[in-house]
>>> print(open('start_13.csv').read())   # CSV, C-alpha atoms (C1' of nucleotides)
chain,number,residue,atom,x,y,z
A,211,MET,CA,-8.7,2.7,5.6
A,212,SER,CA,-7.4,-0.6,4.2
A,213,LEU,CA,-8.3,-4.2,4.7
A,214,THR,CA,-4.8,-4.8,6.0
A,215,GLN,CA,-5.4,-2.1,8.7
A,216,LEU,CA,-8.5,-3.9,9.8
A,217,GLU,CA,-6.7,-7.2,9.9
A,218,TYR,CA,-4.0,-5.7,12.0
A,219,PHE,CA,-6.5,-4.0,14.3
A,220,VAL,CA,-8.4,-7.3,14.9
A,221,ALA,CA,-5.1,-9.1,15.6
A,222,VAL,CA,-4.1,-6.5,18.2
A,223,ALA,CA,-7.5,-6.4,19.8
A,224,GLU,CA,-7.6,-10.2,20.1
A,225,SER,CA,-4.1,-10.6,21.4
A,226,GLY,CA,-4.0,-7.5,23.6
A,227,SER,CA,-0.5,-6.7,22.4
A,228,VAL,CA,1.1,-5.3,19.3
A,229,THR,CA,4.0,-7.6,19.7
A,230,ARG,CA,1.9,-10.8,19.8
A,231,ALA,CA,-0.2,-9.5,17.0
A,232,ALA,CA,2.9,-9.0,14.9
A,233,SER,CA,4.0,-12.6,15.1
A,234,ARG,CA,0.5,-13.7,14.4
A,235,CYS,CA,0.3,-11.5,11.3
A,236,ALA,CA,3.8,-12.6,10.3
A,237,VAL,CA,5.1,-9.0,10.2
A,238,SER,CA,7.3,-7.1,12.6
A,239,GLN,CA,6.1,-4.8,15.3
A,240,PRO,CA,6.7,-1.3,13.9
A,241,PRO,CA,4.4,-1.7,10.8
A,242,LEU,CA,1.6,-2.7,13.1
A,243,THR,CA,2.1,0.2,15.4
A,244,ARG,CA,2.1,2.6,12.5
A,245,GLN,CA,-1.0,1.1,10.8
A,246,ILE,CA,-3.0,1.2,14.1
A,247,ARG,CA,-2.1,4.8,14.6
A,248,ALA,CA,-3.0,5.6,11.0
A,249,LEU,CA,-6.4,4.0,11.6
A,250,GLU,CA,-6.9,6.0,14.7
A,251,ASP,CA,-6.0,9.1,12.9
A,252,GLU,CA,-8.3,8.5,10.0
A,253,LEU,CA,-11.2,7.7,12.3
A,254,CYS,CA,-10.3,10.5,14.7
A,255,ALA,CA,-10.8,8.0,17.5
A,256,GLN,CA,-8.6,6.4,20.1
A,257,LEU,CA,-9.1,2.7,19.7
A,258,PHE,CA,-6.7,1.4,22.4
A,259,GLU,CA,-5.6,2.4,25.8
A,260,ARG,CA,-1.9,2.0,26.0
A,261,GLY,CA,-0.6,0.5,29.2
A,262,PRO,CA,2.7,-0.9,30.2
A,263,ARG,CA,1.3,-4.4,29.9
A,264,GLY,CA,-0.1,-4.0,26.4
A,265,MET,CA,-3.1,-2.5,24.6
A,266,ALA,CA,-6.7,-2.5,25.8
A,267,LEU,CA,-9.7,-1.7,23.6
A,268,THR,CA,-11.6,1.5,24.3
A,269,ARG,CA,-15.4,1.7,23.8
A,270,GLU,CA,-14.9,2.9,20.3
A,271,GLY,CA,-12.3,0.2,19.7
A,272,GLU,CA,-14.8,-2.4,20.8
A,273,ARG,CA,-17.4,-1.1,18.4
A,274,LEU,CA,-14.9,-1.2,15.6
A,275,LEU,CA,-13.9,-4.7,16.5
A,276,VAL,CA,-17.3,-6.2,15.8
A,277,HIS,CA,-17.6,-4.1,12.7
A,278,ALA,CA,-14.2,-5.0,11.4
A,279,ARG,CA,-14.9,-8.7,11.8
A,280,SER,CA,-18.0,-8.3,9.7
A,281,VAL,CA,-16.1,-6.6,7.0
A,282,LEU,CA,-13.4,-9.2,6.9
A,283,ALA,CA,-15.8,-12.0,7.0
A,284,LEU,CA,-17.6,-10.6,3.9
A,285,VAL,CA,-14.3,-10.1,2.1
A,286,ARG,CA,-13.1,-13.6,2.8
A,287,ALA,CA,-16.4,-14.9,1.4
A,288,THR,CA,-15.8,-13.2,-1.9
A,289,PRO,CA,-14.2,-16.1,-3.8
A,290,ARG,CA,-17.1,-18.4,-3.0
A,291,VAL,CA,-19.6,-15.7,-3.9
A,292,VAL,CA,-18.1,-15.1,-7.3
A,293,ARG,CA,-18.1,-18.8,-8.0
A,294,SER,CA,-21.3,-20.0,-6.7
A,295,GLY,CA,-23.4,-17.0,-6.0
B,678,MET,CA,-7.8,-7.8,-2.9
B,679,SER,CA,-8.1,-4.2,-1.8
B,680,LEU,CA,-10.9,-1.8,-1.2
B,681,THR,CA,-9.6,0.3,-4.0
B,682,GLN,CA,-9.9,-2.6,-6.4
B,683,LEU,CA,-13.5,-3.1,-5.3
B,684,GLU,CA,-14.3,0.6,-5.9
B,685,TYR,CA,-12.7,0.6,-9.3
B,686,PHE,CA,-14.6,-2.6,-10.2
B,687,VAL,CA,-18.0,-1.1,-9.2
B,688,ALA,CA,-17.2,2.0,-11.2
B,689,VAL,CA,-16.4,0.1,-14.3
B,690,ALA,CA,-19.4,-2.2,-13.9
B,691,GLU,CA,-21.8,0.7,-13.4
B,692,SER,CA,-20.4,2.8,-16.3
B,693,GLY,CA,-19.7,0.0,-18.6
B,694,SER,CA,-16.4,1.5,-19.6
B,695,VAL,CA,-12.9,1.8,-18.1
B,696,THR,CA,-12.5,5.3,-19.5
B,697,ARG,CA,-15.7,6.6,-18.0
B,698,ALA,CA,-15.0,4.9,-14.7
B,699,ALA,CA,-11.6,6.5,-14.7
B,700,SER,CA,-12.9,10.0,-14.7
B,701,ARG,CA,-15.5,9.1,-12.2
B,702,CYS,CA,-12.8,7.8,-9.9
B,703,ALA,CA,-10.5,10.8,-10.6
B,704,VAL,CA,-7.7,8.6,-11.9
B,705,SER,CA,-6.4,7.9,-15.3
B,706,GLN,CA,-7.4,4.9,-17.4
B,707,PRO,CA,-4.3,2.6,-17.1
B,708,PRO,CA,-4.4,2.1,-13.3
B,709,LEU,CA,-8.0,1.0,-13.6
B,710,THR,CA,-7.3,-1.5,-16.3
B,711,ARG,CA,-4.5,-2.9,-14.2
B,712,GLN,CA,-6.4,-3.2,-11.0
B,713,ILE,CA,-9.4,-4.9,-12.7
B,714,ARG,CA,-7.0,-7.4,-14.3
B,715,ALA,CA,-5.3,-8.0,-10.9
B,716,LEU,CA,-8.7,-8.6,-9.4
B,717,GLU,CA,-9.6,-11.1,-12.1
B,718,ASP,CA,-6.3,-12.8,-11.6
B,719,GLU,CA,-6.7,-13.1,-7.9
B,720,LEU,CA,-10.2,-14.4,-8.1
B,721,CYS,CA,-9.3,-16.6,-11.1
B,722,ALA,CA,-12.4,-15.4,-12.8
B,723,GLN,CA,-13.2,-13.3,-15.8
B,724,LEU,CA,-15.4,-10.4,-14.5
B,725,PHE,CA,-15.9,-8.6,-17.8
B,726,GLU,CA,-16.5,-9.4,-21.4
B,727,ARG,CA,-14.3,-7.0,-23.4
B,728,GLY,CA,-15.9,-5.6,-26.5
B,729,PRO,CA,-15.0,-2.7,-28.8
B,730,ARG,CA,-17.7,-0.7,-27.1
B,731,GLY,CA,-16.6,-1.2,-23.6
B,732,MET,CA,-16.9,-3.8,-20.8
B,733,ALA,CA,-19.9,-5.9,-20.0
B,734,LEU,CA,-20.2,-7.9,-16.8
B,735,THR,CA,-20.1,-11.7,-16.9
B,736,ARG,CA,-22.2,-13.8,-14.6
B,737,GLU,CA,-19.4,-14.0,-12.1
B,738,GLY,CA,-18.9,-10.2,-12.5
B,739,GLU,CA,-22.6,-9.6,-11.6
B,740,ARG,CA,-22.3,-11.8,-8.5
B,741,LEU,CA,-19.2,-9.8,-7.5
B,742,LEU,CA,-21.0,-6.5,-8.1
B,743,VAL,CA,-23.7,-7.1,-5.5
B,744,HIS,CA,-21.1,-8.4,-3.1
B,745,ALA,CA,-18.7,-5.6,-3.6
B,746,ARG,CA,-21.4,-3.1,-3.0
B,747,SER,CA,-22.1,-4.7,0.4
B,748,VAL,CA,-18.5,-4.6,1.4
B,749,LEU,CA,-18.1,-1.0,0.4
B,750,ALA,CA,-21.3,0.0,2.2
B,751,LEU,CA,-20.1,-1.6,5.3
B,752,VAL,CA,-16.8,0.1,5.1
B,753,ARG,CA,-18.3,3.5,4.5
B,754,ALA,CA,-20.4,3.0,7.6
B,755,THR,CA,-17.3,2.5,9.7
B,756,PRO,CA,-16.9,6.1,11.0
B,757,ARG,CA,-20.5,6.2,12.2
B,758,VAL,CA,-20.2,2.7,13.8
B,759,VAL,CA,-17.1,3.7,15.7
B,760,ARG,CA,-18.7,6.9,17.0
B,761,SER,CA,-22.3,5.9,17.8
B,762,GLY,CA,-22.4,2.1,17.8
C,1015,DA,C1',-9.3,3.3,-46.4
C,1016,DA,C1',-8.8,6.5,-42.8
C,1017,DG,C1',-10.2,8.3,-38.5
C,1018,DA,C1',-12.3,7.6,-33.9
C,1019,DC,C1',-12.8,5.2,-29.8
C,1020,DC,C1',-11.5,2.1,-26.3
C,1021,DA,C1',-8.7,-1.1,-23.7
C,1022,DA,C1',-3.9,-2.8,-23.1
C,1023,DT,C1',1.1,-2.2,-22.4
C,1024,DA,C1',5.8,0.1,-21.6
C,1025,DC,C1',8.1,3.0,-18.9
C,1026,DC,C1',9.0,6.3,-15.2
C,1027,DG,C1',8.5,8.8,-10.8
C,1028,DT,C1',6.4,8.9,-6.4
C,1029,DT,C1',4.4,7.0,-2.5
C,1030,DT,C1',3.4,3.4,0.6
C,1031,DG,C1',4.7,-0.4,3.4
C,1032,DG,C1',7.8,-3.4,5.9
C,1033,DG,C1',12.4,-4.4,8.2
C,1034,DT,C1',16.3,-3.3,11.4
C,1035,DA,C1',18.0,-0.7,15.0
C,1036,DT,C1',17.1,2.0,18.8
C,1037,DG,C1',14.9,4.9,22.4
C,1038,DC,C1',11.6,5.6,26.1
C,1039,DC,C1',8.7,4.3,29.8
C,1040,DT,C1',6.9,1.1,33.4
C,1041,DG,C1',7.1,-2.5,36.6
C,1042,DC,C1',9.8,-6.0,39.0
C,1043,DG,C1',13.8,-8.2,41.6
C,1044,DG,C1',17.9,-7.8,44.0
D,1369,DC,C1',17.6,2.4,45.1
D,1370,DC,C1',19.3,0.5,40.9
D,1371,DG,C1',19.5,-2.5,37.1
D,1372,DC,C1',16.8,-5.5,34.1
D,1373,DA,C1',13.0,-7.1,31.3
D,1374,DG,C1',9.0,-6.3,28.5
D,1375,DG,C1',6.3,-3.5,25.6
D,1376,DC,C1',5.2,0.5,22.5
D,1377,DA,C1',7.1,4.4,19.7
D,1378,DT,C1',10.4,6.5,16.5
D,1379,DA,C1',14.3,7.0,13.0
D,1380,DC,C1',16.1,5.5,9.0
D,1381,DC,C1',16.5,2.6,4.9
D,1382,DC,C1',15.0,-0.4,1.1
D,1383,DA,C1',11.7,-2.8,-1.8
D,1384,DA,C1',7.2,-3.1,-3.6
D,1385,DA,C1',2.9,-1.0,-5.1
D,1386,DC,C1',0.5,2.7,-7.3
D,1387,DG,C1',-0.6,6.3,-10.5
D,1388,DG,C1',0.7,9.2,-14.7
D,1389,DT,C1',2.2,9.9,-19.6
D,1390,DA,C1',2.9,8.1,-24.0
D,1391,DT,C1',2.0,4.6,-27.2
D,1392,DT,C1',0.2,0.4,-29.4
D,1393,DG,C1',-3.4,-2.7,-31.2
D,1394,DG,C1',-7.9,-3.7,-32.6
D,1395,DT,C1',-12.6,-2.7,-34.1
D,1396,DC,C1',-16.3,0.0,-35.8
D,1397,DT,C1',-17.9,3.8,-38.7
D,1398,DT,C1',-18.1,6.7,-42.6
>>> encode(input="start_13.csv", output="structure tokens")
Amino acid sequence: MSLTQLEYFVAVAESGSVTRAASRCAVSQPPLTRQIRALEDELCAQLFERGPRGMALTREGERLLVHARSVLALVRATPRVVRSG
Amino acid sequence: MSLTQLEYFVAVAESGSVTRAASRCAVSQPPLTRQIRALEDELCAQLFERGPRGMALTREGERLLVHARSVLALVRATPRVVRSG
DNA sequence: AAGACCAATACCGTTTGGGTATGCCTGCGG
DNA sequence: CCGCAGGCATACCCAAACGGTATTGGTCTT
């Protein structure tokens, strides 16, 4: 699991679509699809329900979403922490 | 910043030596040296004081240590969170 | 003064990651 | 019923990142 995967996952979850998440992350669609699948494989969990209209979070995906946001928030706080405690 | 960098950093901080941290992380010494330096560069902070006896945390390094442990603990909890909330 | 220890650097091979092009499926409009 | 549009998945290629081996430089010890 990488921080990039978590960022991609949050973007897909929030936009409901790999395609929209791709432009938001400034990458193309295939890398996102791959990283999401890799994340699902590693966690042995299906995070999204694939429908013809996009991607919808599963229960497990919803749990990961709140957790991933916490992780990313902590990571983004790192520079401040290092500087000012 | 990557999770690997944080793991390497914690290992070096706890062992006080890149060489010992390397065997603990099951990698060789040069990759650790490089990742630690990359982390310092990215954070624009010196994390260790280099002495002939090894590496000692600076103030900023100590702040990063507690923070990095939090991040890694959160990440390691991910599989459980996904499964059981 | 020589050897030991440790971090830093050079160089190389492998792996990972992203990009382009394309295929497949589903839903919609004629 | 058929073609078209939208969206995810896959194939293939190239560049960047990562780790390993070998070596250097510097300091402490004897």
>>> atom_distance(input="start_13.csv", atom1="atom CA of Arg727 of chain B", atom2="atom C1' of DA1015 of chain C")
25.7 Å
>>> interface_residues(input="start_13.csv", of="chain B", to="chain C", cutoff="9 Å", atoms="only C-alpha atoms (C1' of nucleotides)", output="MDAnalysis selection string")
chainID B and resid 694:696 706:707 710:711 727:731
>>> interface_residues(input="start_13.csv", of="chain D", to="chain B", cutoff="10 Å", atoms="only C-alpha atoms (C1' of nucleotides)", output="number ranges by chain")
D: 1386-1389, 1394-1396
>>> closest_atom_pairs(input="start_13.csv", of="chain A", to="chain B", cutoff="7 Å", atoms="all atoms listed in the file", output="Markdown table")
| residue | atom | partner | partner_atom | distance |
| --- | --- | --- | --- | --- |
| A:Ser212 | CA | B:Leu680 | CA | 6.5 |
| A:Leu213 | CA | B:Ser679 | CA | 6.5 |
| A:Leu253 | CA | B:Pro756 | CA | 6.1 |
| A:Glu270 | CA | B:Val759 | CA | 5.2 |
| A:Arg273 | CA | B:Val759 | CA | 5.5 |
| A:Leu274 | CA | B:Val759 | CA | 5.4 |
| A:Val281 | CA | B:Val748 | CA | 6.4 |
| A:Leu284 | CA | B:Val748 | CA | 6.6 |
| A:Val285 | CA | B:Val748 | CA | 7.0 |
| A:Pro289 | CA | B:Leu720 | CA | 6.1 |
| A:Val291 | CA | B:Arg740 | CA | 6.6 |
| A:Val292 | CA | B:Glu737 | CA | 5.1 |
| A:Arg293 | CA | B:Glu737 | CA | 6.4 |
| A:Gly295 | CA | B:Arg740 | CA | 5.9 |
>>> atom_distance(input="start_13.csv", atom1="atom CA of Ala690 of chain B", atom2="atom CA of Leu734 of chain B")
6.4 Å
>>> atom_distance(input="start_13.csv", atom1="atom CA of Met265 of chain A", atom2="atom C1' of DT1378 of chain D")
18.1 Å
>>> build_atoms(input="start_13.csv", residues="segment 728-746 of chain B", atoms="N, CA and C atoms", output="CSV table (one decimal), in the coordinates of the input")
chain,number,residue,atom,x,y,z
B,728,GLY,N,-15.5,-5.8,-25.1
B,728,GLY,CA,-15.9,-5.6,-26.5
B,728,GLY,C,-15.4,-4.3,-27.0
B,729,PRO,N,-15.5,-4.0,-28.3
B,729,PRO,CA,-15.0,-2.7,-28.8
B,729,PRO,C,-15.8,-1.5,-28.3
B,730,ARG,N,-16.9,-1.8,-27.7
B,730,ARG,CA,-17.7,-0.7,-27.1
B,730,ARG,C,-17.6,-0.5,-25.6
B,731,GLY,N,-16.8,-1.3,-25.0
B,731,GLY,CA,-16.6,-1.2,-23.6
B,731,GLY,C,-16.6,-2.5,-22.9
B,732,MET,N,-17.0,-2.5,-21.6
B,732,MET,CA,-16.9,-3.8,-20.8
B,732,MET,C,-18.3,-4.1,-20.3
B,733,ALA,N,-18.6,-5.4,-20.5
B,733,ALA,CA,-19.9,-5.9,-20.0
B,733,ALA,C,-19.6,-7.0,-19.0
B,734,LEU,N,-20.4,-6.9,-17.9
B,734,LEU,CA,-20.2,-7.9,-16.8
B,734,LEU,C,-20.5,-9.3,-17.3
B,735,THR,N,-19.8,-10.3,-16.8
B,735,THR,CA,-20.1,-11.7,-16.9
B,735,THR,C,-21.0,-12.1,-15.8
B,736,ARG,N,-21.4,-13.3,-15.7
B,736,ARG,CA,-22.2,-13.8,-14.6
B,736,ARG,C,-21.4,-13.7,-13.3
B,737,GLU,N,-20.2,-14.1,-13.3
B,737,GLU,CA,-19.4,-14.0,-12.1
B,737,GLU,C,-19.2,-12.5,-11.7
B,738,GLY,N,-19.0,-11.6,-12.7
B,738,GLY,CA,-18.9,-10.2,-12.5
B,738,GLY,C,-20.2,-9.7,-11.8
B,739,GLU,N,-21.3,-10.1,-12.2
B,739,GLU,CA,-22.6,-9.6,-11.6
B,739,GLU,C,-22.7,-10.1,-10.2
B,740,ARG,N,-22.2,-11.3,-9.9
B,740,ARG,CA,-22.3,-11.8,-8.5
B,740,ARG,C,-21.3,-10.9,-7.7
B,741,LEU,N,-20.1,-10.6,-8.2
B,741,LEU,CA,-19.2,-9.8,-7.5
B,741,LEU,C,-19.7,-8.4,-7.3
B,742,LEU,N,-20.5,-7.9,-8.2
B,742,LEU,CA,-21.0,-6.5,-8.1
B,742,LEU,C,-21.8,-6.4,-6.9
B,743,VAL,N,-22.8,-7.2,-6.7
B,743,VAL,CA,-23.7,-7.1,-5.5
B,743,VAL,C,-22.9,-7.3,-4.2
B,744,HIS,N,-21.9,-8.2,-4.3
B,744,HIS,CA,-21.1,-8.4,-3.1
B,744,HIS,C,-20.2,-7.3,-2.8
B,745,ALA,N,-19.6,-6.7,-3.8
B,745,ALA,CA,-18.7,-5.6,-3.6
B,745,ALA,C,-19.4,-4.4,-3.0
B,746,ARG,N,-20.6,-4.2,-3.5
B,746,ARG,CA,-21.4,-3.1,-3.0
B,746,ARG,C,-21.7,-3.2,-1.5
